[in-house]
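S.K.: This is final.txt (compact mmCIF, N, CA and C atoms).
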# COMPACT_ATOMS: atom_id res chain seq x y z
N MET Y 1 -254.27 156.86 -205.69
CA MET Y 1 -253.01 156.18 -205.45
C MET Y 1 -252.29 156.90 -204.31
N ASN Y 2 -251.86 156.14 -203.32
CA ASN Y 2 -251.19 156.71 -202.15
C ASN Y 2 -249.70 156.41 -202.12
N ASP Y 3 -249.21 155.66 -203.10
CA ASP Y 3 -247.81 155.25 -203.12
C ASP Y 3 -247.35 155.20 -204.57
N LEU Y 4 -246.38 156.02 -204.92
CA LEU Y 4 -245.90 156.08 -206.30
C LEU Y 4 -245.32 154.75 -206.77
N PHE Y 5 -244.83 153.95 -205.84
CA PHE Y 5 -244.17 152.70 -206.20
C PHE Y 5 -245.04 151.46 -205.95
N VAL Y 6 -246.33 151.62 -205.78
CA VAL Y 6 -247.21 150.50 -205.50
C VAL Y 6 -247.14 149.43 -206.60
N ALA Y 7 -246.90 149.83 -207.83
CA ALA Y 7 -246.85 148.85 -208.92
C ALA Y 7 -245.69 147.87 -208.77
N GLN Y 8 -244.63 148.26 -208.08
CA GLN Y 8 -243.48 147.36 -207.94
C GLN Y 8 -243.87 146.05 -207.27
N ASP Y 9 -244.55 146.13 -206.14
CA ASP Y 9 -244.96 144.90 -205.45
C ASP Y 9 -245.94 144.09 -206.29
N LEU Y 10 -246.81 144.77 -207.02
CA LEU Y 10 -247.76 144.07 -207.88
C LEU Y 10 -247.05 143.34 -209.02
N LEU Y 11 -246.04 143.98 -209.59
CA LEU Y 11 -245.24 143.34 -210.64
C LEU Y 11 -244.49 142.12 -210.08
N ILE Y 12 -243.92 142.26 -208.92
CA ILE Y 12 -243.20 141.15 -208.28
C ILE Y 12 -244.14 139.97 -208.05
N ASN Y 13 -245.32 140.25 -207.52
CA ASN Y 13 -246.30 139.18 -207.28
C ASN Y 13 -246.71 138.50 -208.59
N ARG Y 14 -246.94 139.29 -209.60
CA ARG Y 14 -247.35 138.73 -210.91
C ARG Y 14 -246.27 137.81 -211.46
N LEU Y 15 -245.03 138.25 -211.42
CA LEU Y 15 -243.94 137.43 -211.95
C LEU Y 15 -243.73 136.17 -211.11
N THR Y 16 -243.86 136.29 -209.81
CA THR Y 16 -243.71 135.13 -208.93
C THR Y 16 -244.77 134.08 -209.25
N GLU Y 17 -245.99 134.53 -209.51
CA GLU Y 17 -247.10 133.61 -209.79
C GLU Y 17 -247.05 133.04 -211.21
N GLN Y 18 -246.57 133.81 -212.17
CA GLN Y 18 -246.73 133.46 -213.57
C GLN Y 18 -245.50 132.86 -214.26
N VAL Y 19 -244.31 133.12 -213.74
CA VAL Y 19 -243.10 132.71 -214.46
C VAL Y 19 -242.40 131.59 -213.69
N ASN Y 20 -242.55 130.39 -214.21
CA ASN Y 20 -241.86 129.23 -213.63
C ASN Y 20 -240.38 129.29 -214.01
N GLY Y 21 -239.55 128.82 -213.14
CA GLY Y 21 -238.11 128.76 -213.43
C GLY Y 21 -237.31 129.85 -212.77
N LEU Y 22 -237.96 130.88 -212.26
CA LEU Y 22 -237.24 131.94 -211.54
C LEU Y 22 -237.06 131.50 -210.09
N ARG Y 23 -235.85 131.59 -209.59
CA ARG Y 23 -235.60 131.21 -208.20
C ARG Y 23 -235.76 132.40 -207.25
N VAL Y 24 -235.63 133.61 -207.79
CA VAL Y 24 -235.77 134.84 -207.00
C VAL Y 24 -236.51 135.87 -207.85
N VAL Y 25 -237.47 136.56 -207.23
CA VAL Y 25 -238.12 137.73 -207.84
C VAL Y 25 -238.21 138.76 -206.73
N GLN Y 26 -237.58 139.91 -206.93
CA GLN Y 26 -237.62 140.94 -205.88
C GLN Y 26 -237.41 142.32 -206.47
N GLY Y 27 -237.68 143.33 -205.65
CA GLY Y 27 -237.52 144.71 -206.07
C GLY Y 27 -236.14 145.24 -205.75
N LEU Y 28 -235.76 146.27 -206.49
CA LEU Y 28 -234.48 146.95 -206.29
C LEU Y 28 -234.70 148.45 -206.32
N ARG Y 29 -233.81 149.17 -205.65
CA ARG Y 29 -233.83 150.63 -205.77
C ARG Y 29 -232.91 151.10 -206.88
N ASP Y 30 -231.78 150.39 -207.08
CA ASP Y 30 -230.87 150.74 -208.17
C ASP Y 30 -230.14 149.49 -208.64
N SER Y 31 -229.66 149.53 -209.86
CA SER Y 31 -229.04 148.35 -210.44
C SER Y 31 -227.67 148.04 -209.85
N ALA Y 32 -227.02 149.01 -209.22
CA ALA Y 32 -225.70 148.77 -208.63
C ALA Y 32 -225.79 147.71 -207.53
N ALA Y 33 -226.87 147.73 -206.76
CA ALA Y 33 -227.04 146.74 -205.68
C ALA Y 33 -227.12 145.33 -206.25
N MET Y 34 -227.77 145.17 -207.39
CA MET Y 34 -227.91 143.86 -208.00
C MET Y 34 -226.57 143.35 -208.52
N GLN Y 35 -225.76 144.24 -209.08
CA GLN Y 35 -224.50 143.83 -209.67
C GLN Y 35 -223.40 143.60 -208.64
N GLU Y 36 -223.56 144.14 -207.43
CA GLU Y 36 -222.56 143.91 -206.39
C GLU Y 36 -222.47 142.44 -206.02
N LYS Y 37 -223.63 141.81 -205.87
CA LYS Y 37 -223.67 140.39 -205.53
C LYS Y 37 -224.98 139.80 -206.03
N PRO Y 38 -225.00 139.34 -207.28
CA PRO Y 38 -226.25 138.85 -207.85
C PRO Y 38 -226.87 137.68 -207.08
N GLY Y 39 -226.06 136.75 -206.58
CA GLY Y 39 -226.60 135.65 -205.79
C GLY Y 39 -227.27 134.58 -206.61
N THR Y 40 -228.44 134.14 -206.16
CA THR Y 40 -229.16 133.03 -206.76
C THR Y 40 -229.69 133.40 -208.14
N THR Y 41 -229.55 132.48 -209.07
CA THR Y 41 -230.08 132.69 -210.42
C THR Y 41 -230.82 131.43 -210.86
N PRO Y 42 -231.69 131.54 -211.83
CA PRO Y 42 -232.12 132.76 -212.50
C PRO Y 42 -233.01 133.60 -211.58
N ALA Y 43 -232.88 134.90 -211.75
CA ALA Y 43 -233.61 135.85 -210.91
C ALA Y 43 -234.15 136.98 -211.76
N ALA Y 44 -235.25 137.58 -211.30
CA ALA Y 44 -235.80 138.77 -211.94
C ALA Y 44 -235.89 139.86 -210.89
N TYR Y 45 -235.37 141.02 -211.24
CA TYR Y 45 -235.39 142.18 -210.35
C TYR Y 45 -236.24 143.27 -210.99
N VAL Y 46 -237.13 143.86 -210.19
CA VAL Y 46 -238.04 144.89 -210.67
C VAL Y 46 -237.60 146.22 -210.09
N MET Y 47 -237.42 147.21 -210.97
CA MET Y 47 -236.89 148.50 -210.54
C MET Y 47 -237.63 149.64 -211.24
N TYR Y 48 -238.02 150.65 -210.47
CA TYR Y 48 -238.65 151.85 -211.02
C TYR Y 48 -237.66 152.53 -211.95
N ASP Y 49 -238.15 152.98 -213.12
CA ASP Y 49 -237.28 153.57 -214.13
C ASP Y 49 -237.79 154.93 -214.60
N GLY Y 50 -238.46 155.66 -213.71
CA GLY Y 50 -238.90 157.01 -214.03
C GLY Y 50 -240.29 157.03 -214.63
N GLN Y 51 -240.66 158.21 -215.10
CA GLN Y 51 -241.98 158.37 -215.70
C GLN Y 51 -241.94 159.44 -216.77
N ASP Y 52 -242.86 159.34 -217.70
CA ASP Y 52 -243.04 160.36 -218.73
C ASP Y 52 -244.39 161.01 -218.51
N VAL Y 53 -244.40 162.34 -218.45
CA VAL Y 53 -245.65 163.07 -218.28
C VAL Y 53 -246.37 163.12 -219.62
N ARG Y 54 -247.64 162.78 -219.62
CA ARG Y 54 -248.43 162.74 -220.85
C ARG Y 54 -249.34 163.95 -220.99
N MET Y 55 -250.10 164.27 -219.96
CA MET Y 55 -250.99 165.43 -220.03
C MET Y 55 -251.37 165.87 -218.64
N GLN Y 56 -251.85 167.13 -218.57
CA GLN Y 56 -252.28 167.69 -217.30
C GLN Y 56 -253.66 168.28 -217.49
N ALA Y 57 -254.54 168.03 -216.52
CA ALA Y 57 -255.88 168.60 -216.56
C ALA Y 57 -256.25 168.98 -215.12
N GLY Y 58 -256.31 170.26 -214.86
CA GLY Y 58 -256.63 170.72 -213.51
C GLY Y 58 -255.61 170.21 -212.51
N GLY Y 59 -256.08 169.49 -211.51
CA GLY Y 59 -255.19 168.96 -210.49
C GLY Y 59 -254.78 167.53 -210.74
N ALA Y 60 -254.86 167.10 -211.98
CA ALA Y 60 -254.48 165.72 -212.29
C ALA Y 60 -253.40 165.69 -213.36
N GLN Y 61 -252.51 164.75 -213.22
CA GLN Y 61 -251.40 164.57 -214.17
C GLN Y 61 -251.42 163.12 -214.65
N VAL Y 62 -251.46 162.93 -215.96
CA VAL Y 62 -251.39 161.59 -216.52
C VAL Y 62 -249.92 161.29 -216.82
N VAL Y 63 -249.44 160.15 -216.31
CA VAL Y 63 -248.04 159.78 -216.49
C VAL Y 63 -247.93 158.32 -216.92
N ASP Y 64 -246.87 158.04 -217.64
CA ASP Y 64 -246.51 156.67 -217.96
C ASP Y 64 -245.35 156.28 -217.06
N GLN Y 65 -245.62 155.41 -216.10
CA GLN Y 65 -244.56 154.91 -215.24
C GLN Y 65 -243.77 153.86 -216.02
N LYS Y 66 -242.45 153.91 -215.87
CA LYS Y 66 -241.60 152.91 -216.53
C LYS Y 66 -240.98 152.01 -215.47
N TRP Y 67 -240.93 150.72 -215.79
CA TRP Y 67 -240.39 149.72 -214.88
C TRP Y 67 -239.43 148.83 -215.63
N LEU Y 68 -238.26 148.62 -215.06
CA LEU Y 68 -237.31 147.65 -215.60
C LEU Y 68 -237.51 146.32 -214.91
N VAL Y 69 -237.49 145.27 -215.69
CA VAL Y 69 -237.45 143.91 -215.17
C VAL Y 69 -236.15 143.34 -215.71
N ILE Y 70 -235.22 143.05 -214.82
CA ILE Y 70 -233.89 142.60 -215.24
C ILE Y 70 -233.74 141.13 -214.90
N LEU Y 71 -233.59 140.32 -215.94
CA LEU Y 71 -233.36 138.90 -215.76
C LEU Y 71 -231.86 138.68 -215.57
N VAL Y 72 -231.49 137.99 -214.51
CA VAL Y 72 -230.09 137.69 -214.23
C VAL Y 72 -229.90 136.17 -214.31
N THR Y 73 -228.93 135.75 -215.13
CA THR Y 73 -228.59 134.34 -215.24
C THR Y 73 -227.08 134.20 -215.10
N ARG Y 74 -226.64 133.00 -214.85
CA ARG Y 74 -225.19 132.73 -214.88
C ARG Y 74 -224.73 132.91 -216.32
N SER Y 75 -223.57 133.48 -216.48
CA SER Y 75 -223.03 133.71 -217.82
C SER Y 75 -221.90 132.76 -218.11
N LEU Y 76 -221.91 132.23 -219.30
CA LEU Y 76 -220.80 131.39 -219.74
C LEU Y 76 -219.98 132.15 -220.76
N ARG Y 77 -220.01 133.47 -220.65
CA ARG Y 77 -219.32 134.32 -221.62
C ARG Y 77 -217.83 134.01 -221.73
N ASP Y 78 -217.22 133.57 -220.63
CA ASP Y 78 -215.79 133.28 -220.65
C ASP Y 78 -215.47 131.87 -221.11
N ALA Y 79 -216.53 131.08 -221.36
CA ALA Y 79 -216.32 129.71 -221.86
C ALA Y 79 -215.96 129.78 -223.34
N PRO Y 80 -215.55 128.66 -223.93
CA PRO Y 80 -215.24 128.65 -225.36
C PRO Y 80 -216.42 129.18 -226.18
N ALA Y 81 -216.12 129.89 -227.25
CA ALA Y 81 -217.14 130.56 -228.05
C ALA Y 81 -218.23 129.62 -228.54
N ALA Y 82 -217.89 128.39 -228.84
CA ALA Y 82 -218.89 127.46 -229.35
C ALA Y 82 -219.92 127.07 -228.29
N VAL Y 83 -219.57 127.18 -227.01
CA VAL Y 83 -220.45 126.77 -225.93
C VAL Y 83 -221.23 127.94 -225.35
N ALA Y 84 -220.57 129.06 -225.11
CA ALA Y 84 -221.14 130.17 -224.33
C ALA Y 84 -222.45 130.72 -224.88
N PRO Y 85 -222.52 131.20 -226.12
CA PRO Y 85 -223.77 131.84 -226.56
C PRO Y 85 -224.96 130.91 -226.51
N ALA Y 86 -224.80 129.68 -226.96
CA ALA Y 86 -225.92 128.75 -226.99
C ALA Y 86 -226.41 128.43 -225.58
N ALA Y 87 -225.50 128.18 -224.65
CA ALA Y 87 -225.90 127.82 -223.29
C ALA Y 87 -226.58 128.98 -222.58
N THR Y 88 -226.06 130.19 -222.74
CA THR Y 88 -226.67 131.36 -222.11
C THR Y 88 -228.05 131.62 -222.68
N ARG Y 89 -228.17 131.59 -223.99
CA ARG Y 89 -229.47 131.82 -224.64
C ARG Y 89 -230.47 130.73 -224.28
N GLN Y 90 -229.99 129.52 -224.10
CA GLN Y 90 -230.88 128.40 -223.79
C GLN Y 90 -231.64 128.65 -222.48
N GLU Y 91 -231.00 129.26 -221.50
CA GLU Y 91 -231.67 129.58 -220.24
C GLU Y 91 -232.42 130.90 -220.32
N ALA Y 92 -231.80 131.94 -220.86
CA ALA Y 92 -232.38 133.29 -220.84
C ALA Y 92 -233.54 133.46 -221.82
N GLY Y 93 -233.41 132.93 -223.01
CA GLY Y 93 -234.42 133.15 -224.05
C GLY Y 93 -235.83 132.76 -223.63
N PRO Y 94 -236.04 131.53 -223.17
CA PRO Y 94 -237.39 131.14 -222.74
C PRO Y 94 -237.89 131.95 -221.55
N LEU Y 95 -237.01 132.27 -220.60
CA LEU Y 95 -237.44 133.06 -219.45
C LEU Y 95 -237.85 134.47 -219.87
N LEU Y 96 -237.13 135.07 -220.80
CA LEU Y 96 -237.49 136.41 -221.27
C LEU Y 96 -238.87 136.41 -221.94
N ILE Y 97 -239.15 135.37 -222.72
CA ILE Y 97 -240.48 135.27 -223.34
C ILE Y 97 -241.55 135.12 -222.27
N HIS Y 98 -241.31 134.29 -221.27
CA HIS Y 98 -242.30 134.11 -220.20
C HIS Y 98 -242.51 135.41 -219.42
N LEU Y 99 -241.43 136.16 -219.19
CA LEU Y 99 -241.58 137.46 -218.52
C LEU Y 99 -242.47 138.39 -219.34
N CYS Y 100 -242.21 138.46 -220.64
CA CYS Y 100 -243.02 139.31 -221.51
C CYS Y 100 -244.48 138.87 -221.50
N ARG Y 101 -244.72 137.58 -221.64
CA ARG Y 101 -246.09 137.07 -221.68
C ARG Y 101 -246.84 137.34 -220.37
N ALA Y 102 -246.12 137.28 -219.25
CA ALA Y 102 -246.75 137.52 -217.95
C ALA Y 102 -247.17 138.98 -217.78
N LEU Y 103 -246.46 139.90 -218.43
CA LEU Y 103 -246.70 141.33 -218.18
C LEU Y 103 -247.40 142.07 -219.31
N LEU Y 104 -247.18 141.69 -220.54
CA LEU Y 104 -247.78 142.43 -221.66
C LEU Y 104 -249.31 142.44 -221.57
N GLY Y 105 -249.88 143.63 -221.55
CA GLY Y 105 -251.33 143.78 -221.50
C GLY Y 105 -251.95 143.62 -220.13
N TRP Y 106 -251.16 143.22 -219.15
CA TRP Y 106 -251.67 143.03 -217.79
C TRP Y 106 -251.79 144.37 -217.08
N ARG Y 107 -252.85 144.55 -216.29
CA ARG Y 107 -253.06 145.77 -215.51
C ARG Y 107 -252.79 145.48 -214.04
N PRO Y 108 -251.83 146.17 -213.42
CA PRO Y 108 -251.53 145.95 -212.00
C PRO Y 108 -252.75 146.14 -211.10
N THR Y 109 -253.52 147.19 -211.33
CA THR Y 109 -254.81 147.44 -210.67
C THR Y 109 -255.61 148.29 -211.64
N MET Y 110 -256.84 148.61 -211.27
CA MET Y 110 -257.67 149.46 -212.14
C MET Y 110 -257.11 150.88 -212.22
N ALA Y 111 -256.22 151.26 -211.31
CA ALA Y 111 -255.62 152.60 -211.34
C ALA Y 111 -254.51 152.70 -212.39
N PHE Y 112 -254.14 151.58 -213.01
CA PHE Y 112 -253.08 151.56 -214.00
C PHE Y 112 -253.60 151.00 -215.32
N GLY Y 113 -253.01 151.49 -216.40
CA GLY Y 113 -253.34 150.94 -217.70
C GLY Y 113 -252.57 149.66 -217.96
N PRO Y 114 -252.89 148.96 -219.05
CA PRO Y 114 -252.18 147.73 -219.39
C PRO Y 114 -250.70 148.01 -219.65
N LEU Y 115 -249.85 147.08 -219.27
CA LEU Y 115 -248.42 147.24 -219.49
C LEU Y 115 -248.07 147.07 -220.97
N THR Y 116 -247.16 147.92 -221.42
CA THR Y 116 -246.64 147.83 -222.78
C THR Y 116 -245.13 147.69 -222.70
N LEU Y 117 -244.56 147.06 -223.71
CA LEU Y 117 -243.12 146.86 -223.78
C LEU Y 117 -242.48 148.06 -224.46
N LEU Y 118 -241.39 148.56 -223.89
CA LEU Y 118 -240.65 149.69 -224.44
C LEU Y 118 -239.24 149.25 -224.83
N ASN Y 119 -238.52 150.14 -225.51
CA ASN Y 119 -237.11 149.87 -225.77
C ASN Y 119 -236.39 149.77 -224.44
N ALA Y 120 -235.42 148.87 -224.38
CA ALA Y 120 -234.69 148.62 -223.13
C ALA Y 120 -233.19 148.76 -223.35
N PRO Y 121 -232.43 148.93 -222.28
CA PRO Y 121 -230.97 148.95 -222.41
C PRO Y 121 -230.48 147.60 -222.95
N ASN Y 122 -229.28 147.61 -223.50
CA ASN Y 122 -228.68 146.38 -224.00
C ASN Y 122 -228.33 145.44 -222.85
N PRO Y 123 -228.28 144.14 -223.12
CA PRO Y 123 -227.82 143.20 -222.10
C PRO Y 123 -226.38 143.51 -221.73
N SER Y 124 -226.00 143.08 -220.53
CA SER Y 124 -224.61 143.24 -220.12
C SER Y 124 -224.14 141.94 -219.46
N PHE Y 125 -222.83 141.79 -219.38
CA PHE Y 125 -222.22 140.57 -218.87
C PHE Y 125 -221.09 140.98 -217.95
N ARG Y 126 -221.11 140.45 -216.71
CA ARG Y 126 -220.10 140.87 -215.75
C ARG Y 126 -219.90 139.79 -214.70
N ASP Y 127 -218.65 139.46 -214.44
CA ASP Y 127 -218.27 138.56 -213.35
C ASP Y 127 -219.06 137.25 -213.35
N GLY Y 128 -219.28 136.68 -214.52
CA GLY Y 128 -219.95 135.39 -214.60
C GLY Y 128 -221.47 135.45 -214.60
N PHE Y 129 -222.05 136.67 -214.75
CA PHE Y 129 -223.50 136.82 -214.78
C PHE Y 129 -223.91 137.57 -216.04
N SER Y 130 -225.12 137.26 -216.52
CA SER Y 130 -225.72 137.96 -217.66
C SER Y 130 -226.92 138.75 -217.14
N TYR Y 131 -227.06 139.98 -217.61
CA TYR Y 131 -228.16 140.86 -217.20
C TYR Y 131 -228.96 141.24 -218.44
N TYR Y 132 -230.21 140.81 -218.49
CA TYR Y 132 -231.08 141.06 -219.64
C TYR Y 132 -232.24 141.95 -219.19
N PRO Y 133 -232.19 143.25 -219.50
CA PRO Y 133 -233.26 144.15 -219.06
C PRO Y 133 -234.43 144.17 -220.05
N LEU Y 134 -235.63 144.25 -219.50
CA LEU Y 134 -236.85 144.52 -220.25
C LEU Y 134 -237.46 145.77 -219.63
N ARG Y 135 -238.02 146.66 -220.44
CA ARG Y 135 -238.64 147.87 -219.91
C ARG Y 135 -240.12 147.87 -220.28
N PHE Y 136 -240.95 148.14 -219.27
CA PHE Y 136 -242.39 148.19 -219.46
C PHE Y 136 -242.91 149.54 -218.99
N ALA Y 137 -244.06 149.95 -219.53
CA ALA Y 137 -244.72 151.18 -219.09
C ALA Y 137 -246.18 150.89 -218.77
N THR Y 138 -246.70 151.64 -217.81
CA THR Y 138 -248.12 151.58 -217.48
C THR Y 138 -248.59 153.00 -217.19
N ARG Y 139 -249.74 153.35 -217.72
CA ARG Y 139 -250.27 154.70 -217.56
C ARG Y 139 -251.10 154.80 -216.28
N THR Y 140 -250.93 155.92 -215.58
CA THR Y 140 -251.70 156.16 -214.36
C THR Y 140 -251.93 157.66 -214.21
N VAL Y 141 -252.76 158.02 -213.26
CA VAL Y 141 -253.08 159.43 -213.00
C VAL Y 141 -252.64 159.77 -211.58
N ILE Y 142 -251.91 160.86 -211.44
CA ILE Y 142 -251.55 161.38 -210.14
C ILE Y 142 -252.39 162.63 -209.91
N ARG Y 143 -253.11 162.62 -208.81
CA ARG Y 143 -254.03 163.74 -208.51
C ARG Y 143 -253.50 164.61 -207.37
N ALA Y 144 -253.75 165.89 -207.49
CA ALA Y 144 -253.37 166.83 -206.41
C ALA Y 144 -254.23 166.56 -205.18
N ALA Y 145 -253.70 166.93 -204.04
CA ALA Y 145 -254.43 166.72 -202.78
C ALA Y 145 -255.64 167.64 -202.67
Could you show the structure in this file as structure tokens?

M.R.:
Amino acid sequence: MNDLFVAQDLLINRLTEQVNGLRVVQGLRDSAAMQEKPGTTPAAYVMYDGQDVRMQAGGAQVVDQKWLVILVTRSLRDAPAAVAPAATRQEAGPLLIHLCRALLGWRPTMAFGPLTLLNAPNPSFRDGFSYYPLRFATRTVIRAA
């Protein structure tokens, strides 16, 4: 592996090909950029979320890379209570399942293990948008030069 973030583009391509209904799929460096101006929705943003070291053997390190996939939809949170939750869930729920189905068990390349679903941050709601994060991990090996 020559690029620590190579999986990001592979995840973006997979979601673009597999998940119908997303108008935007792109990478992010940090979540602040997404929340400044979310833009077109529904959208999925892929962001590196660190790594957990698993084991070391000689000049090789086994790590679990973590990736956030954040689904952004328009939020009706400020609408009357009887309308808002149902309408928001109606759009987000099916897309979240499709995102999971597209990534669970999928291998970005032979250099990575199958993706697994991890605990994720809670959803958030801001300025008329809903943010639903999913966190995935994939195992890889980083080798010394």

S.K.: Name the closest residue to Arg135 of chain Y among the candidates Y:Asn119, Y:Ser75, Y:Gln51, Y:Thr16; distances are taken between atoms, counting only C-alpha atoms.

M.R.: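 Smallest distance to Arg135 of chain Y is found for Y:Asn119.
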
S.K.: Under the rule that only C-alpha atoms are counted, which of Y:Gln90, Y:Gln18, Y:Ser124, Y:Gln65 is the nearest residue to Ala111 of chain Y?

M.R.: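 Selected residue with least distance to Ala111 of chain Y: Y:Gln65.
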
S.K.: Rounded to one decimal, what separation in Å do you get between atom CA of Val141 of chain Y and atom C of Arg107 of chain Y?

M.R.: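 Separation between atom CA of Val141 of chain Y and atom C of Arg107 of chain Y: 14.0 Å.
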
S.K.: Could you give me, as a PyMOL selection string, each residue of chain Y that DSSP assigns to alpha helix (DSSP H) when run on this structure's backbone?

M.R.: chain Y and resi 6-18+31-36+84-103

S.K.: So how far away is atom C of Ala44 of chain Y from atom N of Ala120 of chain Y, in Å?

M.R.: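 Result for atom N of Ala120 of chain Y versus atom C of Ala44 of chain Y: 16.2 Å, one decimal.
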